Every structure is written in C-alpha cells, then in structure tokens.
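To start, the structure under review is shown below, and the notes come after it.
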Amino acid sequence: MILIERTSVMNFENAIRGARNPMNSWARMDSSYDAEGNFLMGQNDLDLAKRLAHAGTDHRKFLRQIFVSVDITAPLYWWKEFDTYKVGTVANSTSTMHKIHAKSFTREDFSHDCLDAGGLAALDALIVYLEGERERFVADKTNKQAWINMIQLLPSSYNQMRTVTMNYENLINIYYARRTHKLAEWHVLCDWILSLPYAADLIAVKE
C-alpha cells in the first residue's frame, strides 16, 4: 500500500533562468503563468530544457533546482528501500518513538493488501498483542517494557507518513531504477512521477 498526497512542484522559473545563464540567453525566455499560478513553459524554454535534460547529468543541473514536495504514506519495508535515495532528498516522518501509543492499532495501520488468509491471521494476532501492550503503556507511562515490546515487535508492514522533498534529478534516478521493481508500491510511485509537470520531457529522458 502506498498513498501519495499534497504534491507541490516549485521553482520552475528560477531553474529555467539558471539554465540560460551559461549563454546569457535570458532574453529568449518565453514562459508564463496561468490564472491558477501554474508555470507554463514557452516553446523556447521547453526546447532548451529538453535538450539539456537529454544531454546527461553534467548538462541538466537545472533539474536539481526543480523541487517537489509530497506526503507519502507507505510501509516501513518500502521506506527502507526509498532511503537509498537520501542524497538530494529530505524527509520528515511521523514518529513511532513519540506517538506509537497515541491511537489503537488496527489493520488499516499496516499494509496487508497482498496477504493471504494465513498472513492476515498472523497480522491480526500481532495487532491484538500490540494493542494490549499499548493499553498497558497508556495506563502506566512508566511501564517502559510495554513500550519496548511495541517498538521491537512493530512489523515492517506498519505504515508511516513522511513529507518528502526531492528534485527532478532525483526523480529520474528513482524512475529508471524502480519502474520494473517487484514491489507494487514502486509502480504507483513511478506512475505519479510521470504525472508531474513536463515529466515526459524532463524525467522520462531515456525513452
């Protein structure tokens, strides 16, 4: 399970202006904004951006200045793989250390969409145990053992929300490394990447 919400794409104008710095070609900028404040690339700017994007990492430095902020809710086993892309990314997560006891455990807290009957039974049994330890800790916050039991037995299917900031260069790397991955969560993320503004021209550069 993966949930992608509240996407914001920022700094297109500044990135394109910077891409024109080497040739002092700012007078050729022809992009604008629509009534909703969305950045619309003009033909001159789009042609330049596409040429640079397809010319390789040394030439497409401007893509590192196009920023994307998004809230992603995904299981811990997926976040473990996502952490491969720490360079150029920032993420603030909800805290298991501070808030693991704040609400009752339910199935919806865990990714379980691909489990069979036996897997669901095992998950349900673990949820019952975790909920019992949570209630013990809520009743007595000095009961450190109950808290430790929750933390150490929390399965990797537990869903965590993080607010992530990336850039278009990060997204190129993620898309081509993960688009054929066996985890369905990566396919959903790659589809989201292709939905971003000008992704077909600036991110899908190897097509």
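Starting from 1 in every chain, residues are counted up; chains themselves are A, B, ... following the order of the structure tokens, and ligands are numbered from 1 as listed.
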Go through segment 39-130 of chain A residue by residue and, counting only C-alpha atoms, keep those with an atom at most 10 Å from segment 144-154 of chain A; for each kept residue give the shortest atom pair and its distance in Å to one decimal, ordered by chain and increasing number, as a Markdown table.
| residue | atom | partner | partner_atom | distance |
| --- | --- | --- | --- | --- |
| A:Leu76 | CA | A:Leu154 | CA | 9.7 |
| A:Thr96 | CA | A:Ile151 | CA | 7.6 |
| A:Met97 | CA | A:Ile151 | CA | 7.6 |
| A:Ile100 | CA | A:Met150 | CA | 7.9 |
| A:His101 | CA | A:Trp147 | CA | 8.0 |
| A:Phe110 | CA | A:Leu154 | CA | 9.9 |
| A:Leu126 | CA | A:Leu153 | CA | 8.4 |
| A:Ile127 | CA | A:Leu154 | CA | 9.3 |
| A:Tyr129 | CA | A:Met150 | CA | 8.7 |
| A:Leu130 | CA | A:Met150 | CA | 5.8 |
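By chain and then residue number, the residues within 7 Å of segment 171-178 of chain A are A:Asn167, A:Trp186, A:Cys190, A:Ile193, A:Ile203, A:Ala204, counting only C-alpha atoms and disregarding those fewer than 4 positions away in sequence.
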Those residues with N, CA and C atoms, as a PDB file, in the first residue's frame please?
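Just written: selection_11.pdb:
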ATOM      1  N   ASN A 167      14.022  16.506  -5.989  1.00  0.00           N
ATOM      2  CA  ASN A 167      14.113  17.324  -7.192  1.00  0.00           C
ATOM      3  C   ASN A 167      13.994  16.432  -8.424  1.00  0.00           C
ATOM      4  N   TRP A 186       6.334   0.668  -5.785  1.00  0.00           N
ATOM      5  CA  TRP A 186       7.215   1.415  -6.687  1.00  0.00           C
ATOM      6  C   TRP A 186       6.514   1.741  -7.999  1.00  0.00           C
ATOM      7  N   CYS A 190       6.129   5.436  -9.525  1.00  0.00           N
ATOM      8  CA  CYS A 190       6.624   5.769 -10.861  1.00  0.00           C
ATOM      9  C   CYS A 190       5.513   6.356 -11.727  1.00  0.00           C
ATOM     10  N   ILE A 193       5.280   9.895 -10.662  1.00  0.00           N
ATOM     11  CA  ILE A 193       6.392  10.676 -11.228  1.00  0.00           C
ATOM     12  C   ILE A 193       6.052  11.126 -12.640  1.00  0.00           C
ATOM     13  N   ILE A 203      11.839  14.106 -17.295  1.00  0.00           N
ATOM     14  CA  ILE A 203      12.151  12.972 -16.418  1.00  0.00           C
ATOM     15  C   ILE A 203      12.289  11.684 -17.204  1.00  0.00           C
ATOM     16  N   ALA A 204      11.390  11.416 -18.125  1.00  0.00           N
ATOM     17  CA  ALA A 204      11.457  10.198 -18.949  1.00  0.00           C
ATOM     18  C   ALA A 204      12.457  10.409 -20.078  1.00  0.00           C
TER      19      ALA A 204
END
Which residues of segment 55-151 of chain A sit at most 12 Å from segment 20-34 of chain A, using only C-alpha atoms? Give each one's shortest atom pair and distance in Å (one decimal place), in chain and ascending residue order, as a Markdown table.
| residue | atom | partner | partner_atom | distance |
| --- | --- | --- | --- | --- |
| A:His59 | CA | A:Pro22 | CA | 10.7 |
| A:Arg60 | CA | A:Arg20 | CA | 11.4 |
| A:Lys61 | CA | A:Arg20 | CA | 11.4 |
| A:Phe62 | CA | A:Arg20 | CA | 9.4 |
Please save N, CA and C atoms of the selected residues as a PDB file, in the first residue's frame.
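Below is the file part-v5.pdb, written as the result:
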ATOM      1  N   HIS A  59      24.896  18.274 -17.934  1.00  0.00           N
ATOM      2  CA  HIS A  59      24.255  19.395 -18.631  1.00  0.00           C
ATOM      3  C   HIS A  59      22.898  19.769 -18.035  1.00  0.00           C
ATOM      4  N   ARG A  60      22.300  18.879 -17.276  1.00  0.00           N
ATOM      5  CA  ARG A  60      20.947  19.142 -16.793  1.00  0.00           C
ATOM      6  C   ARG A  60      20.921  19.528 -15.311  1.00  0.00           C
ATOM      7  N   LYS A  61      21.921  20.277 -14.883  1.00  0.00           N
ATOM      8  CA  LYS A  61      21.977  20.697 -13.478  1.00  0.00           C
ATOM      9  C   LYS A  61      20.727  21.458 -13.057  1.00  0.00           C
ATOM     10  N   PHE A  62      20.064  22.116 -14.008  1.00  0.00           N
ATOM     11  CA  PHE A  62      18.870  22.900 -13.670  1.00  0.00           C
ATOM     12  C   PHE A  62      17.761  22.029 -13.100  1.00  0.00           C
TER      13      PHE A  62
END
Excluding same-chain residues fewer than 4 positions from Pro197 of chain A, what lies within 9 Å of it counting only C-alpha atoms, as JSON, numbers by chain? {"A": [9, 39, 202]}
Can I get the selection written as an mmCIF file, in the first residue's frame, with N, CA and C atoms?
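The result, written out as selection-v3.cif:
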data_model
loop_
_atom_site.group_PDB
_atom_site.id
_atom_site.type_symbol
_atom_site.label_atom_id
_atom_site.label_comp_id
_atom_site.auth_asym_id
_atom_site.auth_seq_id
_atom_site.Cartn_x
_atom_site.Cartn_y
_atom_site.Cartn_z
ATOM 1 N N VAL A 9 4.983 21.282 -6.843
ATOM 2 C CA VAL A 9 6.173 21.400 -7.693
ATOM 3 C C VAL A 9 6.557 22.875 -7.741
ATOM 4 N N PHE A 39 2.983 27.165 -13.763
ATOM 5 C CA PHE A 39 4.041 27.588 -14.682
ATOM 6 C C PHE A 39 3.837 26.925 -16.043
ATOM 7 N N LEU A 202 11.203 15.952 -19.295
ATOM 8 C CA LEU A 202 12.351 16.215 -18.441
ATOM 9 C C LEU A 202 12.747 15.070 -17.526
#
Distance criterion (only C-alpha atoms): nearest to Arg64 of chain A out of A:Thr163, A:Cys114, A:Glu135, A:Ile16: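 Of A:Thr163, A:Cys114, A:Glu135, A:Ile16, the one nearest Arg64 of chain A is A:Ile16, counting only C-alpha atoms.
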Name the residues in contact with Leu196 of chain A at a cut-off of 10 Å, using only C-alpha atoms, excluding same-chain residues fewer than 2 positions from it; report them as a ChimeraX atom specification. /A:7-9,68,168,191-194,198-200,202-203
